[in-house]
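**Student:** Handing over upload-v8.txt, compact mmCIF, C-alpha atoms.
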```txt
# COMPACT_ATOMS: atom_id res chain seq x y z
CA MET V 1 -34.27 -49.37 7.68
CA THR V 2 -30.50 -49.47 7.12
CA ARG V 3 -30.94 -47.18 4.12
CA TRP V 4 -32.44 -44.48 6.38
CA ILE V 5 -29.63 -44.87 8.89
CA PHE V 6 -27.09 -44.56 6.09
CA LEU V 7 -28.81 -41.41 4.77
CA ALA V 8 -28.98 -39.91 8.27
CA ILE V 9 -25.26 -40.57 8.80
CA LEU V 10 -24.48 -39.11 5.38
CA PHE V 11 -26.56 -36.01 6.12
CA LEU V 12 -24.94 -35.48 9.56
CA THR V 13 -21.46 -35.90 8.08
CA ALA V 14 -22.21 -33.38 5.33
CA ALA V 15 -23.64 -30.94 7.89
CA GLY V 16 -20.52 -31.36 10.05
CA VAL V 17 -18.25 -30.63 7.08
CA VAL V 18 -20.26 -27.52 6.21
CA VAL V 19 -20.11 -26.21 9.80
CA TYR V 20 -16.37 -26.97 10.00
CA GLY V 21 -15.82 -25.06 6.76
CA TYR V 22 -18.01 -22.16 7.91
CA LEU V 23 -15.93 -21.86 11.10
CA GLY V 24 -12.78 -21.72 8.95
CA GLY V 25 -11.54 -25.22 9.57
CA PHE V 26 -10.09 -25.56 6.08
CA ARG V 27 -8.12 -22.29 6.21
CA LYS V 28 -4.37 -22.52 6.73
CA PRO V 29 -2.79 -20.09 9.19
CA ASP V 30 -0.30 -17.45 8.05
CA VAL V 31 3.06 -18.07 9.71
CA ALA V 32 6.10 -15.79 9.83
CA ILE V 33 9.26 -15.32 11.86
CA ILE V 34 9.34 -11.75 13.13
CA THR V 35 10.83 -9.57 15.86
CA THR V 36 8.23 -7.95 18.08
CA ALA V 37 8.20 -4.21 17.45
CA LYS V 38 6.55 -3.03 20.65
CA PRO V 39 5.68 -4.47 24.05
CA VAL V 40 2.31 -6.07 24.66
CA PHE V 41 0.71 -5.24 28.01
CA LEU V 42 -1.67 -7.65 29.70
CA ILE V 43 -3.81 -7.38 32.79
CA GLY V 44 -4.81 -10.64 34.39
CA GLN V 45 -4.06 -13.36 36.89
CA TYR V 46 -1.19 -15.85 37.06
CA TYR V 47 -1.92 -19.55 37.40
CA ASN V 48 0.49 -22.42 38.08
CA GLY V 49 -1.11 -25.78 38.63
CA SER V 50 -3.09 -28.64 37.22
CA VAL V 51 -5.04 -28.17 34.02
CA ARG V 52 -7.85 -30.09 35.69
CA ASP V 53 -7.96 -27.84 38.77
CA GLU V 54 -11.30 -26.09 39.26
CA ALA V 55 -9.49 -22.75 39.70
CA PHE V 56 -8.07 -22.70 36.15
CA GLY V 57 -11.23 -22.55 34.01
CA PRO V 58 -12.85 -19.64 35.84
CA LEU V 59 -9.85 -17.40 35.08
CA PHE V 60 -10.89 -17.31 31.43
CA ARG V 61 -14.53 -16.60 32.31
CA GLN V 62 -13.50 -13.85 34.75
CA ALA V 63 -11.39 -12.16 32.07
CA GLN V 64 -14.32 -12.37 29.64
CA GLN V 65 -16.70 -10.94 32.25
CA LEU V 66 -14.25 -8.13 33.05
CA ARG V 67 -14.20 -7.22 29.38
CA ALA V 68 -17.97 -7.61 28.88
CA SER V 69 -18.73 -5.40 31.90
CA GLY V 70 -16.56 -2.61 30.47
CA ALA V 71 -14.38 -2.53 33.59
CA VAL V 72 -11.33 -3.10 31.37
CA ARG V 73 -11.06 -2.48 27.63
CA GLY V 74 -8.97 -5.07 25.81
CA GLU V 75 -8.82 -8.35 23.93
CA LEU V 76 -8.72 -11.78 25.54
CA ALA V 77 -5.17 -13.07 25.74
CA ASN V 78 -2.90 -15.43 27.64
CA ILE V 79 0.81 -15.90 28.14
CA TYR V 80 1.82 -19.52 28.61
CA TYR V 81 5.18 -20.33 30.17
CA ASN V 82 5.09 -23.92 28.99
CA ASP V 83 3.75 -25.42 25.76
CA PRO V 84 -0.06 -25.56 26.12
CA SER V 85 -0.38 -27.98 23.21
CA LEU V 86 1.81 -30.52 25.04
CA THR V 87 0.62 -29.84 28.58
CA ARG V 88 -1.13 -32.84 30.01
CA ASP V 89 -1.11 -31.93 33.69
CA THR V 90 0.63 -28.73 34.81
CA VAL V 91 0.18 -25.35 33.19
CA LYS V 92 1.90 -22.05 33.90
CA ALA V 93 -0.16 -19.22 32.48
CA PHE V 94 -1.06 -15.58 32.81
CA VAL V 95 -4.72 -15.27 31.81
CA GLY V 96 -6.33 -11.95 31.04
CA LEU V 97 -6.68 -9.14 28.51
CA ILE V 98 -4.31 -7.21 26.26
CA VAL V 99 -4.53 -3.51 27.18
CA ALA V 100 -3.10 -0.41 25.55
CA ASP V 101 -0.95 0.55 28.56
CA THR V 102 -0.69 0.19 32.33
CA THR V 103 -1.92 3.65 33.31
CA SER V 104 -5.12 4.53 31.44
CA GLN V 105 -7.43 2.03 33.17
CA LYS V 106 -8.10 1.15 36.78
CA LYS V 107 -6.68 -2.22 37.75
CA PRO V 108 -9.32 -4.46 39.42
CA ASP V 109 -8.49 -6.07 42.75
CA GLY V 110 -6.56 -9.31 42.37
CA TYR V 111 -5.27 -8.44 38.89
CA ARG V 112 -1.68 -7.70 37.88
CA TYR V 113 0.10 -6.44 34.82
CA ARG V 114 2.51 -8.45 32.70
CA VAL V 115 4.53 -7.40 29.70
CA PHE V 116 5.38 -9.44 26.64
CA PRO V 117 8.56 -7.51 25.76
CA ALA V 118 9.47 -5.89 22.47
CA GLY V 119 12.51 -7.04 20.52
CA GLN V 120 11.83 -10.77 20.87
CA ARG V 121 12.23 -13.12 17.94
CA VAL V 122 8.97 -15.03 17.57
CA VAL V 123 7.12 -17.34 15.25
CA GLN V 124 3.83 -15.58 14.56
CA ALA V 125 0.85 -17.70 13.51
CA ARG V 126 -2.41 -15.97 12.55
CA THR V 127 -5.75 -17.23 11.34
CA THR V 128 -9.27 -15.97 10.82
CA THR V 129 -10.57 -19.38 11.86
CA SER V 130 -13.08 -19.38 14.72
CA TYR V 131 -11.48 -19.22 18.17
CA LEU V 132 -12.98 -22.67 18.79
CA LEU V 133 -10.71 -24.18 16.13
CA ALA V 134 -7.79 -21.73 16.16
CA PRO V 135 -5.52 -23.38 18.79
CA ASN V 136 -5.60 -26.67 16.90
CA LYS V 137 -4.54 -24.80 13.74
CA LEU V 138 -1.96 -22.39 15.15
CA TYR V 139 0.20 -24.61 17.35
CA PRO V 140 0.83 -27.30 14.70
CA ALA V 141 1.71 -24.54 12.20
CA ILE V 142 4.25 -23.11 14.67
CA GLU V 143 5.74 -26.55 15.31
CA GLU V 144 6.11 -27.14 11.58
CA VAL V 145 8.00 -23.86 11.02
CA VAL V 146 10.21 -24.44 14.07
CA LYS V 147 11.09 -27.89 12.78
CA GLN V 148 11.73 -26.69 9.19
CA GLN V 149 13.85 -23.72 10.27
CA LYS V 150 15.62 -25.72 13.01
CA LEU V 151 14.70 -23.18 15.67
CA LYS V 152 14.49 -23.70 19.40
CA LEU V 153 11.34 -22.71 21.28
CA ARG V 154 11.77 -20.89 24.60
CA GLN V 155 8.39 -22.19 25.86
CA VAL V 156 6.79 -18.73 26.08
CA TYR V 157 3.61 -18.22 24.05
CA LEU V 158 1.31 -15.24 23.74
CA GLU V 159 -2.19 -16.17 22.60
CA GLN V 160 -4.68 -13.57 21.46
CA PHE V 161 -8.19 -14.48 20.39
CA ALA V 162 -9.67 -11.22 19.15
CA GLU V 163 -13.42 -10.79 18.97
CA GLU V 164 -12.98 -9.14 15.59
CA GLY V 165 -9.94 -9.93 13.49
CA PRO V 166 -7.53 -12.81 13.44
CA SER V 167 -6.54 -15.07 16.29
CA GLU V 168 -2.81 -15.12 16.88
CA VAL V 169 -0.10 -16.99 18.73
CA LEU V 170 3.42 -15.65 19.17
CA ALA V 171 5.95 -18.32 20.16
CA VAL V 172 9.31 -17.02 21.38
CA VAL V 173 12.32 -18.65 19.71
CA GLU V 174 16.08 -18.38 20.28
```
Written as structure tokens, that's how I'd like the structure from this file.

**Tutor:**
Amino acid sequence: MTRWIFLAILFLTAAGVVVYGYLGGFRKPDVAIITTAKPVFLIGQYYNGSVRDEAFGPLFRQAQQLRASGAVRGELANIYYNDPSLTRDTVKAFVGLIVADTTSQKKPDGYRYRVFPAGQRVVQARTTTSYLLAPNKLYPAIEEVVKQQKLKLRQVYLEQFAEEGPSEVLAVVE
């Protein structure tokens, strides 16, 4: 009986490792210090409050639905105004979609535009890992480079989780 339990545990562990590898869990992100060349425009909604608040989660789903319906063309993205990897309670975020500009599409009711300005010095972390695993890969990679280069984070992060292509986080540094 214990032999079968051992084999079942072994099989489940192996299956977990295979799935983790398939999702890109073993890939290391590419990290670079760059200056943003052009502004990034987002359409979305601002949120300042508890991570556990029932109003926070639906913002992501609403942005996804806006994109899926074709009402707005763009990639899912967020700007965080505090470190989301360290946030335990309060989050300040702009949740929405990256758009090409602020004039070519109709802005839905309740949505606003934000700009992630050009000319900012940022730590750019990119990975082709699944968006399910990407945040846990990108933020530690950023922290490592910031620590090695003795940089100071300004606590502004642009996250982009593209449907096709790499996921990316830009962390503004001084």

**Student:** Could you list, with a cut-off of 12 Å and counting all atoms listed in the file, the residues of range 120-168 of chain V near range 40-48 of chain V, each shown with its nearest atom pair and the distance in Å rounded to one decimal, rows sorted by chain and ascending number, as a Markdown table?

**Tutor:**
```
| residue | atom | partner | partner_atom | distance |
| --- | --- | --- | --- | --- |
| V:Gln120 | CA | V:Val40 | CA | 11.3 |
| V:Leu158 | CA | V:Val40 | CA | 9.3 |
| V:Glu159 | CA | V:Leu42 | CA | 11.1 |
| V:Gln160 | CA | V:Leu42 | CA | 10.6 |
```

**Student:** So which residues touch Leu170 in chain V within 10 Å, counting all atoms listed in the file, skipping near sequence neighbours fewer than 5 positions away, as a list in words?

**Tutor:**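 That gives Val31, Ala32, Ile33, Ile34, Thr36, Ile79, Phe116, Gln120, Arg121, Val122, Val123, Gln124, Ala125, Arg126, Leu138, Tyr139, Ile142, Val156, Tyr157, Leu158, Glu159 and Gln160 of chain V.
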
**Student:** For a test of reading the model, state the distance in Å between CA of Tyr113 in chain V and CA of Asp89 in chain V, rounded to one decimal.

**Tutor:** 25.5 Å

**Student:** Do you have, as a Markdown table, the list of residues of range 94-167 of chain V lying at most 9 Å from range 63-72 of chain V, each with its nearest atom pair and that distance in Å to one decimal, counting only C-alpha atoms and ordered by chain then number?

**Tutor:**
```
| residue | atom | partner | partner_atom | distance |
| --- | --- | --- | --- | --- |
| V:Val95 | CA | V:Ala63 | CA | 7.4 |
| V:Gly96 | CA | V:Ala63 | CA | 5.2 |
| V:Leu97 | CA | V:Ala63 | CA | 6.6 |
| V:Val99 | CA | V:Val72 | CA | 8.0 |
| V:Gln105 | CA | V:Val72 | CA | 6.7 |
| V:Lys106 | CA | V:Val72 | CA | 7.6 |
| V:Lys107 | CA | V:Val72 | CA | 7.9 |
| V:Pro108 | CA | V:Ala71 | CA | 8.0 |
```

**Student:** Which residue is closest to Val51 in chain V? Choose from V:Ala93, V:Val169, V:Val145, V:Leu151 and count only C-alpha atoms.

**Tutor:** V:Ala93

**Student:** State, in Å with one decimal place, the distance from CA of Gly74 in chain V to CA of Pro58 in chain V.

**Tutor:** 18.1 Å

**Student:** How would range 75-101 of chain V read, as a PDB file, in the frame of the given file, once N, CA and C atoms are built in?

**Tutor:**
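Generated output (rebuild_9.pdb):
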```pdb
ATOM      1  N   GLU V  75      -8.518  -7.068  24.591  1.00  0.00           N
ATOM      2  CA  GLU V  75      -8.820  -8.350  23.930  1.00  0.00           C
ATOM      3  C   GLU V  75      -8.355  -9.502  24.805  1.00  0.00           C
ATOM      4  N   LEU V  76      -9.100 -10.599  24.776  1.00  0.00           N
ATOM      5  CA  LEU V  76      -8.720 -11.780  25.540  1.00  0.00           C
ATOM      6  C   LEU V  76      -7.367 -12.292  25.094  1.00  0.00           C
ATOM      7  N   ALA V  77      -6.517 -12.598  26.062  1.00  0.00           N
ATOM      8  CA  ALA V  77      -5.170 -13.070  25.740  1.00  0.00           C
ATOM      9  C   ALA V  77      -4.593 -13.841  26.923  1.00  0.00           C
ATOM     10  N   ASN V  78      -3.589 -14.643  26.623  1.00  0.00           N
ATOM     11  CA  ASN V  78      -2.900 -15.430  27.640  1.00  0.00           C
ATOM     12  C   ASN V  78      -1.424 -15.470  27.304  1.00  0.00           C
ATOM     13  N   ILE V  79      -0.600 -15.568  28.336  1.00  0.00           N
ATOM     14  CA  ILE V  79       0.810 -15.900  28.140  1.00  0.00           C
ATOM     15  C   ILE V  79       1.011 -17.243  28.810  1.00  0.00           C
ATOM     16  N   TYR V  80       1.492 -18.208  28.052  1.00  0.00           N
ATOM     17  CA  TYR V  80       1.820 -19.520  28.610  1.00  0.00           C
ATOM     18  C   TYR V  80       3.328 -19.614  28.766  1.00  0.00           C
ATOM     19  N   TYR V  81       3.755 -20.168  29.893  1.00  0.00           N
ATOM     20  CA  TYR V  81       5.180 -20.330  30.170  1.00  0.00           C
ATOM     21  C   TYR V  81       5.606 -21.783  30.046  1.00  0.00           C
ATOM     22  N   ASN V  82       4.764 -22.570  29.448  1.00  0.00           N
ATOM     23  CA  ASN V  82       5.090 -23.920  28.990  1.00  0.00           C
ATOM     24  C   ASN V  82       4.158 -24.200  27.815  1.00  0.00           C
ATOM     25  N   ASP V  83       4.485 -25.176  27.003  1.00  0.00           N
ATOM     26  CA  ASP V  83       3.750 -25.420  25.760  1.00  0.00           C
ATOM     27  C   ASP V  83       2.345 -25.937  26.056  1.00  0.00           C
ATOM     28  N   PRO V  84       1.306 -25.116  25.803  1.00  0.00           N
ATOM     29  CA  PRO V  84      -0.060 -25.560  26.120  1.00  0.00           C
ATOM     30  C   PRO V  84      -0.536 -26.708  25.243  1.00  0.00           C
ATOM     31  N   SER V  85       0.057 -26.878  24.065  1.00  0.00           N
ATOM     32  CA  SER V  85      -0.380 -27.980  23.210  1.00  0.00           C
ATOM     33  C   SER V  85       0.166 -29.317  23.705  1.00  0.00           C
ATOM     34  N   LEU V  86       1.228 -29.283  24.514  1.00  0.00           N
ATOM     35  CA  LEU V  86       1.810 -30.520  25.040  1.00  0.00           C
ATOM     36  C   LEU V  86       1.460 -30.751  26.502  1.00  0.00           C
ATOM     37  N   THR V  87       0.910 -29.753  27.157  1.00  0.00           N
ATOM     38  CA  THR V  87       0.620 -29.840  28.580  1.00  0.00           C
ATOM     39  C   THR V  87      -0.483 -30.857  28.837  1.00  0.00           C
ATOM     40  N   ARG V  88      -0.156 -31.809  29.631  1.00  0.00           N
ATOM     41  CA  ARG V  88      -1.130 -32.840  30.010  1.00  0.00           C
ATOM     42  C   ARG V  88      -1.617 -32.621  31.446  1.00  0.00           C
ATOM     43  N   ASP V  89      -0.746 -32.049  32.290  1.00  0.00           N
ATOM     44  CA  ASP V  89      -1.110 -31.930  33.690  1.00  0.00           C
ATOM     45  C   ASP V  89      -0.901 -30.522  34.232  1.00  0.00           C
ATOM     46  N   THR V  90       0.326 -30.014  34.193  1.00  0.00           N
ATOM     47  CA  THR V  90       0.630 -28.730  34.810  1.00  0.00           C
ATOM     48  C   THR V  90       0.729 -27.636  33.762  1.00  0.00           C
ATOM     49  N   VAL V  91       0.122 -26.502  34.083  1.00  0.00           N
ATOM     50  CA  VAL V  91       0.180 -25.350  33.190  1.00  0.00           C
ATOM     51  C   VAL V  91       0.643 -24.144  33.999  1.00  0.00           C
ATOM     52  N   LYS V  92       1.470 -23.328  33.338  1.00  0.00           N
ATOM     53  CA  LYS V  92       1.900 -22.050  33.900  1.00  0.00           C
ATOM     54  C   LYS V  92       1.407 -20.992  32.940  1.00  0.00           C
ATOM     55  N   ALA V  93       0.482 -20.158  33.399  1.00  0.00           N
ATOM     56  CA  ALA V  93      -0.160 -19.220  32.480  1.00  0.00           C
ATOM     57  C   ALA V  93      -0.525 -17.921  33.179  1.00  0.00           C
ATOM     58  N   PHE V  94      -0.540 -16.867  32.390  1.00  0.00           N
ATOM     59  CA  PHE V  94      -1.060 -15.580  32.810  1.00  0.00           C
ATOM     60  C   PHE V  94      -2.289 -15.333  31.941  1.00  0.00           C
ATOM     61  N   VAL V  95      -3.459 -15.318  32.545  1.00  0.00           N
ATOM     62  CA  VAL V  95      -4.720 -15.270  31.810  1.00  0.00           C
ATOM     63  C   VAL V  95      -5.362 -13.902  32.008  1.00  0.00           C
ATOM     64  N   GLY V  96      -5.708 -13.251  30.893  1.00  0.00           N
ATOM     65  CA  GLY V  96      -6.330 -11.950  31.040  1.00  0.00           C
ATOM     66  C   GLY V  96      -6.648 -11.277  29.730  1.00  0.00           C
ATOM     67  N   LEU V  97      -6.344  -9.976  29.657  1.00  0.00           N
ATOM     68  CA  LEU V  97      -6.680  -9.140  28.510  1.00  0.00           C
ATOM     69  C   LEU V  97      -5.468  -8.318  28.086  1.00  0.00           C
ATOM     70  N   ILE V  98      -5.317  -8.133  26.775  1.00  0.00           N
ATOM     71  CA  ILE V  98      -4.310  -7.210  26.260  1.00  0.00           C
ATOM     72  C   ILE V  98      -4.897  -5.802  26.407  1.00  0.00           C
ATOM     73  N   VAL V  99      -4.108  -4.905  26.995  1.00  0.00           N
ATOM     74  CA  VAL V  99      -4.530  -3.510  27.180  1.00  0.00           C
ATOM     75  C   VAL V  99      -3.524  -2.580  26.508  1.00  0.00           C
ATOM     76  N   ALA V 100      -3.948  -1.362  26.248  1.00  0.00           N
ATOM     77  CA  ALA V 100      -3.100  -0.410  25.550  1.00  0.00           C
ATOM     78  C   ALA V 100      -1.875  -0.009  26.375  1.00  0.00           C
ATOM     79  N   ASP V 101      -2.059   0.159  27.680  1.00  0.00           N
ATOM     80  CA  ASP V 101      -0.950   0.550  28.560  1.00  0.00           C
ATOM     81  C   ASP V 101      -1.317   0.185  29.983  1.00  0.00           C
TER      82      ASP V 101
END
```
